[in-house]
Amino acid sequence: MDWRNTVITKKPLFYWVLNKYRGLQLFLLLLIVVSLFFKVFPLEMQRKIINVAINLKKLDLLYLYCGLYMGAVLIAGLMKYYTNVLQAVIGEKMLIEMRKELYNHVLKLPLQFFHRTQTGIIISAMTSELNAIWAFLGGALAIPITSVLTFVTFVGFMIYLNPLLGCLTVLIYPFEFIVIPLLQKKYNIHNRRRVQTIRSMANLVNESVSGIHEVQSNSSFQLEQSKLDGFIHKLYNTMRRLFIFKYAIKFSNNFFQSLGPFLLFLLGGYLAIHGQFTIGALVAFLSAYEKVYDPWKEIIEYYQLYQDAKIRYKQIMETFDLDDELLLEQPQKKERLMLQGNIEANDLSFDIDDNIRLLEEISFKLDAGKHLALIGFSGSGKSTLSNLISQLLSYSSGSLSIDGYDVNSLSKLDVARNISTVSQHPFIFTGTVNDNLLYSCEALRFADSTTELPSRETVLAMIKEVGLEADLIRWGFRSIVPLEKTHYLADKILSMRRIVQETLRNEFKGAVEFYDAESFLEYSTISQNIVFGEYTDSPSDDALLSHTRFRAFLREFELETALLELGRNIAETTVDLLFEMREDEFFFQGSPMELDEFDYYAEIVRKYKISGINSLGKENSEQLLRLGLLYTPGIHKIYTIPNSLRTTIVAARHRFLQDIEKIDLQQCKNGTIPQQVITFDQIKPVATKDSGFTPFCLSQYLYSHSLLDNILFGTVIKRDAIRNELGDLALRHFSEHGFLNEILEIGLDFHVGSKGDNLSGGQKQKVALARSLLKHTPILILDEATASLDNTSQSKIQKYIETNLRETTTVVAVVHRLDMLPGYDHIIVMKAGKIVESGAYDTLLEKKGVLHELINEN
Amino acid sequence: MSSSMKTDNTDTSQQCKISCDFQILRQSPIFSGVDNDVLKLFAYLTQRKKFGPGEPIITNGKEAEGAYYLITGTAEIQTTHRNREVVLQQLKPHAFCGELALLARFKWFFSAYAVEECEVLMISRESFQKILEQFPEKKDQIIEQIVQLRVQRLKEQTSFLLDKLPDSCLADGSSAT
């Protein structure tokens with residue numbers, strides 16, 4: 001039977017073994033057969049050693065035979081090593097194929113499957129359960145064949161030595177044929193139970209984690225615990241029984257194994273005493289007997305492994321075995337189907353579970369390019385209808401066609417090319433904003449390589465249309481520009497910095513603390529104040545404790561003592577003031593100390609208050625110094641430093657820059673922009689002189705700072721002002737100079753977090769809208785797609801649809817805002833799964849029917 | 001817990017920020033009778049802000065995050081009624097404003113603008129709630145003082161507005177045309 005074209009869930013386990021990597025498996029088989037010779041050879045050598053070399057006292061023969069023996073054993077060992085690896089590799093390769101095909105199949109399963117199957121099961125089946133089959137796959141063919149061959153070879157050798165004894169020892173094995181399968185059956189039952197229990201546990205954990213909000217707000221920890229306990233106990237019991245049977249099988253094996261030598265010594269010894277059997281032969285026979293056990297054991301293990309794998313495989317495939325209703329590609333490759341977008345429904349109905357009717361005899365006709373609005377009460381079936389059109393659900397009776405083609409006859413690829421869907425709660429994938437925006441287009445391109453991806457300009461234009469521009473700018477500002485992009489962006493960023501410094505300085509003065517080499521920086525740490533720059537190999541909030549040059553400088557400039565005292569004072573005040581509040585993170589905002597450090601510092605303070613400052617060890621002093629270095633006057637209210645210290649630090653800064661990092665202060669002085677802008681190439685000699693130090697100089701791009709901080713060239717004090725008026729002011733200036741696109745581009749690389757965590761609900765919606773609109777399909781389906789947006793954004797997008805998509809795109813929108821209805825060509829009002837009114841907006845209003853009532857209610 | 005304040009002895013011109021704000025808060029009617037320990041925590045968590053002439057301190061419609069205490073300068077409380085800006089009260093130094101924000105969440109129903117250059121202390125609701133979680137006995141006392149202050153201010157504002165109405169209106173309560 002040709003299994004190749006059947007669905008994966010119907011393929012037997014052995015399909016993979018018999019059809020994949022046949023070449024490799026054959027090679028494996030050959031190797032094992034060849035190694036057989038090297039396994040038998042040592043036995044013959046044993047016989048010769050005893051009977052010839054030792055008996056006849058021939059030393060040189062002894063050496064020869066022993067050497068040959070060892071050589072053969074070594075070769076056999078190496079070959080076994082190699083075959084083991086090969087087996088594992090083959091197994092993995094087969095697993096890869098299996099996994100790919102399975103995933104492919106799973107993704108195309110109908111939506112109902114995902115609604116009723118728990119995610120935990122799907123994950124468990126695809127990952128850990130499939131893994132377990134791996135061990136079986138590699139040797140699935142090779143092992144049984146070679147084991148049988150090996151067995152026969154050794155038995156043959158034994159019979160060659162002495163037929164009577166040989167046959168006798170072999171007769172023991174059939175007994176095992178009876179006992180072992182019995183035990184195996186029991187083992188299988190418990191194994192199946194084990195798999196089910198593990199799946200249930202995975203589900204349970206998945207559920208409680210997904211609903212962790214409920215769990216924590218209800219404090220139902222013990223309830224959830226008890227649920228899991230039940231399963232844990234069940235699993236324990238099952239595993240216990242499993243092991244009992246597993247080792248019972250092993251025991252019976254060992255028992256029968258010991259039976260053999262017993263018989264041998266009895267009979268063989270009897271024959272030897274009567275001179276019918278040589279000692280050498282007895283030794284060789286014993287060795288052969290031991291060796292016969294190996295293939296036998298392998299067959300038993302293989303049998304167990306096969307049973308195991310078969311059951312697991314069956315369970316996995318059963319989970320995903322449904323009728324694969326909807327194919328990706330039609331079997332015969334047709335031409336690309338490009339639809340116009342005429343949608344027609346006749347007596348369309350949809351049932352779930354065979355008797356609950358969600359849609360009843362829906363009939364309508366929508367010409368290509370027209371816009372349809374579906375409105376109605378909740379539960380009226382609007383979303384269901386839109387899902388039927390986009391083939392996410394399959395209708396039960398009646399007909400639904402696009403351009404005359406039955407919707408259910410379209411392949412998924414046809415649907416992807418012609419229909420875009422935006423749902424109310426879109427899923428955002430982990431990745432950058434750009435990845436998400438191009439998702440639909442990329443998907444199309446994978447299937448059809450002739451599809452072109454939209455250009456950067458198109459993407460940026462779409463961003464403006466859906467109202468993501470401001471968000472993109474904000475994300476861009478927050479990002480640290482990646483190194484590869486800095487070489488062409490640095491100039492532009494420095495130009496933007498110059499605009500702020502020259503034109504907007506007064507407006508920004510109160511909201512930003514600019515980097516001024518002559519002034520003490522209230523909103524930077526002490527170490528930043530001294531160093532007045534950034535080291536590319538350390539994070540920007542590092543105290544630079546381990547930086548040797550910096551520490552040497554501190555000592556030389558006699559700052560270390562003062563800063564150590566500062567650290568001590570901070571520690572004392574913090575411990576004193578926050579003792580009652582030390583459990584709450586909130587209170588540590590005004591101190592460089594962190595919550596989890598509190599106990600440590602409390603202990604240090606206690607110690608030196610009793611035994612004096614000099615009792616502090618080096619490590620403790622270092623930590624106190626760290627507090628002093630991380631102190632930021634503008635933020636850490638816990639302590640106030642005197643102005644004299646400020647002056648000292650600025651003086652130290654000047655010395656540090658000039659002497660240690662060799663920076664010319666004139667170039668850095670604020671207020672006087674250097675006549676000659678230092679280009680990027682020229683920056684290098686200054687900055688990399690001593691492993692990546694960039695001073696806070698006007699013409700230096702700061703690699704570890706965000707885009708915004710680089711443009712502002714300082715620390716933000718009033719975050720709100722920057723976000724609002726000042727931000728808009730700056731942007732106006734930047735766009736005049738044509739820098740806006742650069743910022744937008746960096747914004748596109750913003751990482752949205754796991755499942756879009758870093759985005760608000762409205763932002764996710766806009767991204768999803770842009771994603772679908774970029775595909776420019778003839779049909780667009782919106783299922784309350786703008787519901788989570790504010791009114792202005794909703795109107796903006798509605799306007800875009802009315803202006804740009806008129807006559808070019810057929811739009812079916814589930815609408816919740818009645819004031820947007822005038823923009824639609826045709827309106828359908830639904831209630832309880834039926835159409836109650838259908839027609840143009842004005843017509844329906846005149847009728848003074850349901851629509852009229854709905855509008856006047858609001 | 002010791003209640004001695006750490007002030008820097010080497011330079012008296014730069015006083016410790018916490019002790020400064022501590023002194024200021026101590027003079028306010030809301031915090032009268034409050035222990036030094038609690039007051040020190042408030043002083044630790046308040047923020048100082050400066051506002052230039054005409055700059056908004058509180059904006060009508062925004063989320064109320066905390067109360068403001070005027071240290072220096074004067075400010076005005078305004079509201080918009082039928083598209084007209086009406087001044088409800090003038091604020092002088094040592095006045096509190098927005099004290100109800102310490103107790104509950106709401107959106108500001110008035111605006112406050114600096115008339116001259118002002119310096120204010122801002123106490124956020126979060127700091128207020130968190131500090132008083134630890135000292136529940138003090139909580140009721142302070143809340144009572146806040147409400148009393150609010151009542152007092154309401155009386156002042158009402159008489160300020162009523163003074164502006166012509167006598168004819170006050171007699172029968174009808175609105176001025």
# chains A, B, ... in the order shown; residues from 1 in each chain; ligands from 1
$ select_by_dssp --residues "segment 404-452 of chain A" --states "helix (DSSP H, G or I)" --output "list in words"
Val407, Asn408, Ser409, Lys412, Leu413, Asp414, Val415, Ala416, Arg417, Asn418, Val433, Asn434, Asp435, Asn436, Leu437, Tyr439, Ser440, Cys441, Glu442, Ala443, Leu444, Arg445, Phe446 and Ala447 of chain A
$ write_last_selection --atoms "C-alpha atoms" --output "compact mmCIF listing (two decimals), in the first residue's frame"
# COMPACT_ATOMS: atom_id res chain seq x y z
CA VAL A 407 -15.86 28.60 -0.35
CA ASN A 408 -15.19 25.13 1.00
CA SER A 409 -13.63 24.05 -2.29
CA LYS A 412 -6.08 27.35 2.01
CA LEU A 413 -3.53 29.00 -0.20
CA ASP A 414 -6.26 30.45 -2.40
CA VAL A 415 -7.93 31.80 0.70
CA ALA A 416 -4.67 33.34 1.92
CA ARG A 417 -4.11 35.05 -1.44
CA ASN A 418 -7.57 36.50 -1.69
CA VAL A 433 7.33 45.18 14.85
CA ASN A 434 8.55 44.72 11.29
CA ASP A 435 8.34 40.91 11.57
CA ASN A 436 4.73 41.20 12.61
CA LEU A 437 3.76 43.71 9.96
CA TYR A 439 3.86 38.25 8.68
CA SER A 440 0.96 37.77 6.28
CA CYS A 441 3.01 38.77 3.26
CA GLU A 442 5.90 36.51 4.32
CA ALA A 443 3.52 33.59 4.74
CA LEU A 444 2.28 34.12 1.21
CA ARG A 445 5.80 34.33 -0.11
CA PHE A 446 6.76 30.98 1.46
CA ALA A 447 3.98 29.31 -0.40
$ residues_around --residues "Ile604 of chain A" --least-positions-apart "5" --cutoff "9 Å" --atoms "only C-alpha atoms" --output "JSON, numbers by chain"
{"A": [571, 599, 609, 616, 620, 624]}
$ write_last_selection --atoms "N, CA and C atoms" --output "PDB file, in the first residue's frame"
ATOM      1  N   ALA A 571      24.361  54.109  53.635  1.00  0.00           N
ATOM      2  CA  ALA A 571      23.941  52.830  54.213  1.00  0.00           C
ATOM      3  C   ALA A 571      23.269  53.054  55.550  1.00  0.00           C
ATOM      4  N   ASP A 599      19.373  43.514  54.058  1.00  0.00           N
ATOM      5  CA  ASP A 599      19.857  42.759  55.220  1.00  0.00           C
ATOM      6  C   ASP A 599      21.375  42.773  55.278  1.00  0.00           C
ATOM      7  N   LYS A 609      29.297  49.682  63.720  1.00  0.00           N
ATOM      8  CA  LYS A 609      28.894  50.541  64.836  1.00  0.00           C
ATOM      9  C   LYS A 609      29.432  49.985  66.153  1.00  0.00           C
ATOM     10  N   LEU A 616      35.948  46.718  59.249  1.00  0.00           N
ATOM     11  CA  LEU A 616      35.329  46.301  57.987  1.00  0.00           C
ATOM     12  C   LEU A 616      36.343  45.625  57.096  1.00  0.00           C
ATOM     13  N   ASN A 620      33.450  44.192  52.345  1.00  0.00           N
ATOM     14  CA  ASN A 620      32.420  45.089  52.854  1.00  0.00           C
ATOM     15  C   ASN A 620      32.695  46.530  52.472  1.00  0.00           C
ATOM     16  N   LEU A 624      30.360  49.205  50.306  1.00  0.00           N
ATOM     17  CA  LEU A 624      29.972  50.539  50.758  1.00  0.00           C
ATOM     18  C   LEU A 624      30.399  51.575  49.717  1.00  0.00           C
TER      19      LEU A 624
END
$ atom_distance --atom1 "atom CA of Cys118 of chain B" --atom2 "atom CA of Arg719 of chain A"
19.6 Å
$ residues_around --residues "Glu361 of chain A" --least-positions-apart "6" --cutoff "12 Å" --atoms "only C-alpha atoms" --output "ChimeraX atom specification"
/A:345-351,381,385,395-400,830,832-836
$ write_last_selection --atoms "N, CA, C and O atoms" --output "compact mmCIF listing (two decimals), in the first residue's frame"
# COMPACT_ATOMS: atom_id res chain seq x y z
N ALA A 345 -24.37 34.23 -0.73
CA ALA A 345 -24.81 33.19 0.20
C ALA A 345 -26.27 32.87 -0.10
O ALA A 345 -27.07 33.77 -0.32
N ASN A 346 -26.60 31.55 -0.09
CA ASN A 346 -27.98 31.13 -0.31
C ASN A 346 -28.38 30.12 0.75
O ASN A 346 -27.82 29.04 0.84
N ASP A 347 -29.35 30.50 1.56
CA ASP A 347 -29.85 29.61 2.62
C ASP A 347 -28.71 29.00 3.41
O ASP A 347 -28.71 27.83 3.74
N LEU A 348 -27.74 29.80 3.70
CA LEU A 348 -26.56 29.34 4.41
C LEU A 348 -26.89 29.06 5.88
O LEU A 348 -27.50 29.90 6.55
N SER A 349 -26.52 27.88 6.36
CA SER A 349 -26.75 27.56 7.77
C SER A 349 -25.50 26.97 8.38
O SER A 349 -24.69 26.35 7.68
N PHE A 350 -25.39 27.12 9.67
CA PHE A 350 -24.22 26.58 10.36
C PHE A 350 -24.64 26.01 11.70
O PHE A 350 -25.29 26.68 12.50
N ASP A 351 -24.32 24.73 11.91
CA ASP A 351 -24.65 24.08 13.19
C ASP A 351 -23.38 23.67 13.89
O ASP A 351 -22.39 23.31 13.25
N GLY A 381 -24.68 36.01 15.62
CA GLY A 381 -24.03 35.22 14.59
C GLY A 381 -23.18 36.01 13.61
O GLY A 381 -22.73 35.49 12.61
N LEU A 385 -20.66 34.32 10.83
CA LEU A 385 -20.79 34.51 9.39
C LEU A 385 -19.47 34.95 8.78
O LEU A 385 -19.03 34.42 7.75
N TYR A 395 -19.28 25.64 6.68
CA TYR A 395 -20.73 25.72 6.85
C TYR A 395 -21.40 24.35 6.77
O TYR A 395 -20.86 23.40 6.24
N SER A 396 -22.61 24.27 7.33
CA SER A 396 -23.29 22.98 7.42
C SER A 396 -24.22 22.72 6.23
O SER A 396 -24.25 21.62 5.70
N SER A 397 -25.00 23.74 5.83
CA SER A 397 -25.90 23.51 4.70
C SER A 397 -26.13 24.82 3.96
O SER A 397 -25.79 25.90 4.45
N GLY A 398 -26.73 24.71 2.76
CA GLY A 398 -26.91 25.88 1.93
C GLY A 398 -25.66 26.08 1.10
O GLY A 398 -24.88 25.16 0.89
N SER A 399 -25.45 27.31 0.61
CA SER A 399 -24.24 27.53 -0.17
C SER A 399 -23.62 28.89 0.13
O SER A 399 -24.32 29.85 0.49
N LEU A 400 -22.32 28.94 -0.01
CA LEU A 400 -21.58 30.18 0.18
C LEU A 400 -20.49 30.18 -0.89
O LEU A 400 -19.66 29.27 -0.92
N MET A 830 -28.61 41.52 12.02
CA MET A 830 -28.85 40.12 12.38
C MET A 830 -29.37 40.00 13.80
O MET A 830 -29.06 40.82 14.66
N ALA A 832 -30.24 36.57 16.53
CA ALA A 832 -30.39 35.14 16.80
C ALA A 832 -30.12 34.28 15.57
O ALA A 832 -30.85 33.34 15.28
N GLY A 833 -29.09 34.60 14.84
CA GLY A 833 -28.70 33.77 13.71
C GLY A 833 -29.45 34.03 12.42
O GLY A 833 -29.21 33.36 11.41
N LYS A 834 -30.38 34.98 12.39
CA LYS A 834 -31.12 35.24 11.16
C LYS A 834 -30.93 36.69 10.73
O LYS A 834 -30.60 37.55 11.53
N ILE A 835 -31.18 36.90 9.43
CA ILE A 835 -31.14 38.29 8.95
C ILE A 835 -32.52 38.90 9.18
O ILE A 835 -33.53 38.34 8.74
N VAL A 836 -32.56 40.02 9.88
CA VAL A 836 -33.86 40.66 10.10
C VAL A 836 -34.10 41.84 9.18
O VAL A 836 -35.22 42.18 8.87
$ closest_atom_pairs --of "chain A" --to "chain B" --cutoff "12 Å" --atoms "only C-alpha atoms" --output "JSON lines"
{"residue": "A:Gly510", "atom": "CA", "partner": "B:Lys50", "partner_atom": "CA", "distance": 9.2}
{"residue": "A:Ala511", "atom": "CA", "partner": "B:Lys50", "partner_atom": "CA", "distance": 11.1}
{"residue": "A:Glu565", "atom": "CA", "partner": "B:Asp8", "partner_atom": "CA", "distance": 11.9}
{"residue": "A:Leu566", "atom": "CA", "partner": "B:Asp8", "partner_atom": "CA", "distance": 10.7}
{"residue": "A:Asn569", "atom": "CA", "partner": "B:Lys6", "partner_atom": "CA", "distance": 8.5}
{"residue": "A:Ile570", "atom": "CA", "partner": "B:Lys6", "partner_atom": "CA", "distance": 10.0}
{"residue": "A:Ala571", "atom": "CA", "partner": "B:Lys6", "partner_atom": "CA", "distance": 11.8}
{"residue": "A:Glu572", "atom": "CA", "partner": "B:Lys6", "partner_atom": "CA", "distance": 9.2}
{"residue": "A:Thr573", "atom": "CA", "partner": "B:Lys6", "partner_atom": "CA", "distance": 7.2}
{"residue": "A:Thr574", "atom": "CA", "partner": "B:Tyr44", "partner_atom": "CA", "distance": 10.3}
{"residue": "A:Val575", "atom": "CA", "partner": "B:Met1", "partner_atom": "CA", "distance": 9.7}
{"residue": "A:Asp576", "atom": "CA", "partner": "B:Met1", "partner_atom": "CA", "distance": 6.7}
{"residue": "A:Leu577", "atom": "CA", "partner": "B:Leu41", "partner_atom": "CA", "distance": 7.1}
{"residue": "A:Leu578", "atom": "CA", "partner": "B:Leu41", "partner_atom": "CA", "distance": 8.0}
{"residue": "A:Phe579", "atom": "CA", "partner": "B:Met1", "partner_atom": "CA", "distance": 7.8}
{"residue": "A:Glu580", "atom": "CA", "partner": "B:Gln134", "partner_atom": "CA", "distance": 7.7}
{"residue": "A:Met581", "atom": "CA", "partner": "B:Gln134", "partner_atom": "CA", "distance": 7.7}
{"residue": "A:Arg582", "atom": "CA", "partner": "B:Gln134", "partner_atom": "CA", "distance": 11.1}
{"residue": "A:Glu583", "atom": "CA", "partner": "B:Gln134", "partner_atom": "CA", "distance": 11.0}
{"residue": "A:Asp584", "atom": "CA", "partner": "B:Lys130", "partner_atom": "CA", "distance": 8.7}
{"residue": "A:Glu585", "atom": "CA", "partner": "B:Lys130", "partner_atom": "CA", "distance": 10.7}
{"residue": "A:Phe586", "atom": "CA", "partner": "B:Ser127", "partner_atom": "CA", "distance": 8.1}
{"residue": "A:Phe587", "atom": "CA", "partner": "B:Leu45", "partner_atom": "CA", "distance": 7.7}
{"residue": "A:Phe588", "atom": "CA", "partner": "B:Leu45", "partner_atom": "CA", "distance": 9.7}
{"residue": "A:Gln589", "atom": "CA", "partner": "B:Leu45", "partner_atom": "CA", "distance": 8.5}
{"residue": "A:Gly590", "atom": "CA", "partner": "B:Leu45", "partner_atom": "CA", "distance": 7.2}
{"residue": "A:Ser591", "atom": "CA", "partner": "B:Tyr44", "partner_atom": "CA", "distance": 9.8}
{"residue": "A:Pro633", "atom": "CA", "partner": "B:Lys17", "partner_atom": "CA", "distance": 10.2}
{"residue": "A:Gly634", "atom": "CA", "partner": "B:Gln47", "partner_atom": "CA", "distance": 10.2}
{"residue": "A:Ile635", "atom": "CA", "partner": "B:Gln47", "partner_atom": "CA", "distance": 9.4}
{"residue": "A:His636", "atom": "CA", "partner": "B:Tyr44", "partner_atom": "CA", "distance": 9.3}
{"residue": "A:Lys637", "atom": "CA", "partner": "B:Tyr44", "partner_atom": "CA", "distance": 6.3}
{"residue": "A:Ile638", "atom": "CA", "partner": "B:Tyr44", "partner_atom": "CA", "distance": 6.5}
{"residue": "A:Tyr639", "atom": "CA", "partner": "B:Cys16", "partner_atom": "CA", "distance": 6.7}
{"residue": "A:Thr640", "atom": "CA", "partner": "B:Cys16", "partner_atom": "CA", "distance": 5.1}
{"residue": "A:Ile641", "atom": "CA", "partner": "B:Asp8", "partner_atom": "CA", "distance": 7.7}
{"residue": "A:Pro642", "atom": "CA", "partner": "B:Asp11", "partner_atom": "CA", "distance": 5.8}
{"residue": "A:Asn643", "atom": "CA", "partner": "B:Gln14", "partner_atom": "CA", "distance": 7.0}
{"residue": "A:Ser644", "atom": "CA", "partner": "B:Asp11", "partner_atom": "CA", "distance": 7.8}
{"residue": "A:Leu645", "atom": "CA", "partner": "B:Asp11", "partner_atom": "CA", "distance": 9.9}
{"residue": "A:Arg646", "atom": "CA", "partner": "B:Gln14", "partner_atom": "CA", "distance": 11.4}
{"residue": "A:Ile717", "atom": "CA", "partner": "B:Lys49", "partner_atom": "CA", "distance": 10.8}
{"residue": "A:Lys718", "atom": "CA", "partner": "B:Lys49", "partner_atom": "CA", "distance": 10.0}
{"residue": "A:Ala721", "atom": "CA", "partner": "B:Pro56", "partner_atom": "CA", "distance": 11.7}
$ residues_around --residues "Arg26 of chain B" --least-positions-apart "5" --cutoff "10 Å" --atoms "only C-alpha atoms" --output "PyMOL selection string"
chain B and resi 21+31-36+39-40+43
$ write_last_selection --atoms "all heavy atoms" --output "PDB file, in the first residue's frame"
ATOM      1  N   ASP B  21      12.409  69.073  54.074  1.00  0.00           N
ATOM      2  CA  ASP B  21      11.017  68.774  53.771  1.00  0.00           C
ATOM      3  C   ASP B  21      10.278  68.338  55.033  1.00  0.00           C
ATOM      4  O   ASP B  21       9.076  68.569  55.172  1.00  0.00           O
ATOM      5  CB  ASP B  21      10.937  67.676  52.703  1.00  0.00           C
ATOM      6  CG  ASP B  21      11.472  68.159  51.366  1.00  0.00           C
ATOM      7  OD1 ASP B  21      11.598  69.388  51.202  1.00  0.00           O
ATOM      8  OD2 ASP B  21      11.750  67.319  50.494  1.00  0.00           O
ATOM      9  N   PHE B  31      -0.565  67.132  58.828  1.00  0.00           N
ATOM     10  CA  PHE B  31       0.364  66.251  59.522  1.00  0.00           C
ATOM     11  C   PHE B  31       0.574  66.622  60.977  1.00  0.00           C
ATOM     12  O   PHE B  31       1.499  66.130  61.610  1.00  0.00           O
ATOM     13  CB  PHE B  31       1.722  66.275  58.806  1.00  0.00           C
ATOM     14  CG  PHE B  31       1.662  65.647  57.442  1.00  0.00           C
ATOM     15  CD1 PHE B  31       1.694  66.432  56.302  1.00  0.00           C
ATOM     16  CD2 PHE B  31       1.547  64.275  57.309  1.00  0.00           C
ATOM     17  CE1 PHE B  31       1.634  65.854  55.057  1.00  0.00           C
ATOM     18  CE2 PHE B  31       1.487  63.690  56.057  1.00  0.00           C
ATOM     19  CZ  PHE B  31       1.530  64.483  54.925  1.00  0.00           C
ATOM     20  N   SER B  32      -0.262  67.473  61.506  1.00  0.00           N
ATOM     21  CA  SER B  32      -0.026  67.855  62.896  1.00  0.00           C
ATOM     22  C   SER B  32      -0.335  66.665  63.796  1.00  0.00           C
ATOM     23  O   SER B  32      -1.279  65.920  63.586  1.00  0.00           O
ATOM     24  CB  SER B  32      -0.897  69.048  63.273  1.00  0.00           C
ATOM     25  OG  SER B  32      -2.226  68.633  63.462  1.00  0.00           O
ATOM     26  N   GLY B  33       0.503  66.491  64.768  1.00  0.00           N
ATOM     27  CA  GLY B  33       0.297  65.388  65.705  1.00  0.00           C
ATOM     28  C   GLY B  33       0.847  64.065  65.210  1.00  0.00           C
ATOM     29  O   GLY B  33       0.683  63.030  65.841  1.00  0.00           O
ATOM     30  N   VAL B  34       1.489  64.082  64.080  1.00  0.00           N
ATOM     31  CA  VAL B  34       2.023  62.828  63.541  1.00  0.00           C
ATOM     32  C   VAL B  34       3.435  62.604  64.058  1.00  0.00           C
ATOM     33  O   VAL B  34       4.211  63.534  64.192  1.00  0.00           O
ATOM     34  CB  VAL B  34       2.025  62.903  61.990  1.00  0.00           C
ATOM     35  CG1 VAL B  34       2.686  61.693  61.399  1.00  0.00           C
ATOM     36  CG2 VAL B  34       0.614  63.062  61.485  1.00  0.00           C
ATOM     37  N   ASP B  35       3.744  61.325  64.349  1.00  0.00           N
ATOM     38  CA  ASP B  35       5.074  60.993  64.868  1.00  0.00           C
ATOM     39  C   ASP B  35       6.176  61.395  63.907  1.00  0.00           C
ATOM     40  O   ASP B  35       5.996  61.375  62.701  1.00  0.00           O
ATOM     41  CB  ASP B  35       5.187  59.481  65.062  1.00  0.00           C
ATOM     42  CG  ASP B  35       4.409  59.030  66.281  1.00  0.00           C
ATOM     43  OD1 ASP B  35       4.037  59.909  67.087  1.00  0.00           O
ATOM     44  OD2 ASP B  35       4.160  57.827  66.404  1.00  0.00           O
ATOM     45  N   ASN B  36       7.327  61.668  64.478  1.00  0.00           N
ATOM     46  CA  ASN B  36       8.489  62.027  63.660  1.00  0.00           C
ATOM     47  C   ASN B  36       8.861  60.926  62.687  1.00  0.00           C
ATOM     48  O   ASN B  36       9.223  61.180  61.546  1.00  0.00           O
ATOM     49  CB  ASN B  36       9.682  62.335  64.562  1.00  0.00           C
ATOM     50  CG  ASN B  36       9.542  63.695  65.183  1.00  0.00           C
ATOM     51  OD1 ASN B  36       8.742  64.510  64.724  1.00  0.00           O
ATOM     52  ND2 ASN B  36      10.301  63.956  66.229  1.00  0.00           N
ATOM     53  N   LEU B  39       6.582  60.998  59.772  1.00  0.00           N
ATOM     54  CA  LEU B  39       6.788  62.231  59.018  1.00  0.00           C
ATOM     55  C   LEU B  39       8.078  62.177  58.219  1.00  0.00           C
ATOM     56  O   LEU B  39       8.162  62.672  57.098  1.00  0.00           O
ATOM     57  CB  LEU B  39       6.822  63.401  60.004  1.00  0.00           C
ATOM     58  CG  LEU B  39       6.398  64.736  59.406  1.00  0.00           C
ATOM     59  CD1 LEU B  39       5.043  64.614  58.743  1.00  0.00           C
ATOM     60  CD2 LEU B  39       6.348  65.780  60.502  1.00  0.00           C
ATOM     61  N   LYS B  40       9.094  61.540  58.798  1.00  0.00           N
ATOM     62  CA  LYS B  40      10.371  61.416  58.094  1.00  0.00           C
ATOM     63  C   LYS B  40      10.189  60.618  56.807  1.00  0.00           C
ATOM     64  O   LYS B  40      10.752  60.944  55.774  1.00  0.00           O
ATOM     65  CB  LYS B  40      11.385  60.683  58.992  1.00  0.00           C
ATOM     66  CG  LYS B  40      12.611  61.513  59.286  1.00  0.00           C
ATOM     67  CD  LYS B  40      13.752  60.703  59.806  1.00  0.00           C
ATOM     68  CE  LYS B  40      13.450  59.950  61.076  1.00  0.00           C
ATOM     69  NZ  LYS B  40      14.558  59.053  61.457  1.00  0.00           N
ATOM     70  N   ALA B  43       8.650  62.792  54.299  1.00  0.00           N
ATOM     71  CA  ALA B  43       9.652  63.731  53.790  1.00  0.00           C
ATOM     72  C   ALA B  43      10.573  63.037  52.799  1.00  0.00           C
ATOM     73  O   ALA B  43      10.997  63.614  51.803  1.00  0.00           O
ATOM     74  CB  ALA B  43      10.442  64.319  54.954  1.00  0.00           C
TER      75      ALA B  43
END
$ select_by_dssp --residues "segment 88-140 of chain B" --states "strand (DSSP E)" --output "ChimeraX atom specification"
/B:88-91,96-97,111-114,118-124
$ residues_around --residues "Lys492 of chain A" --least-positions-apart "5" --cutoff "12 Å" --atoms "only C-alpha atoms" --output "number ranges by chain"
A: 485-487, 497-499, 679-680, 699, 701, 707, 710-711, 734-735, 737-743
$ atom_distance --atom1 "atom CA of Leu712 of chain A" --atom2 "atom CA of Val650 of chain A"
21.5 Å
$ residues_around --residues "segment 56-63 of chain B" --least-positions-apart "6" --cutoff "6 Å" --atoms "only C-alpha atoms" --output "PyMOL selection string"
chain B and resi 107-113
$ closest_residue --among "B:Pro136, B:Gly54, B:Pro93, B:Pro29" --to "Thr72 of chain B" --atoms "only C-alpha atoms"
B:Pro93
$ residues_around --residues "Glu99 of chain B" --least-positions-apart "5" --cutoff "8 Å" --atoms "only C-alpha atoms" --output "number ranges by chain"
B: 66-68, 146, 150
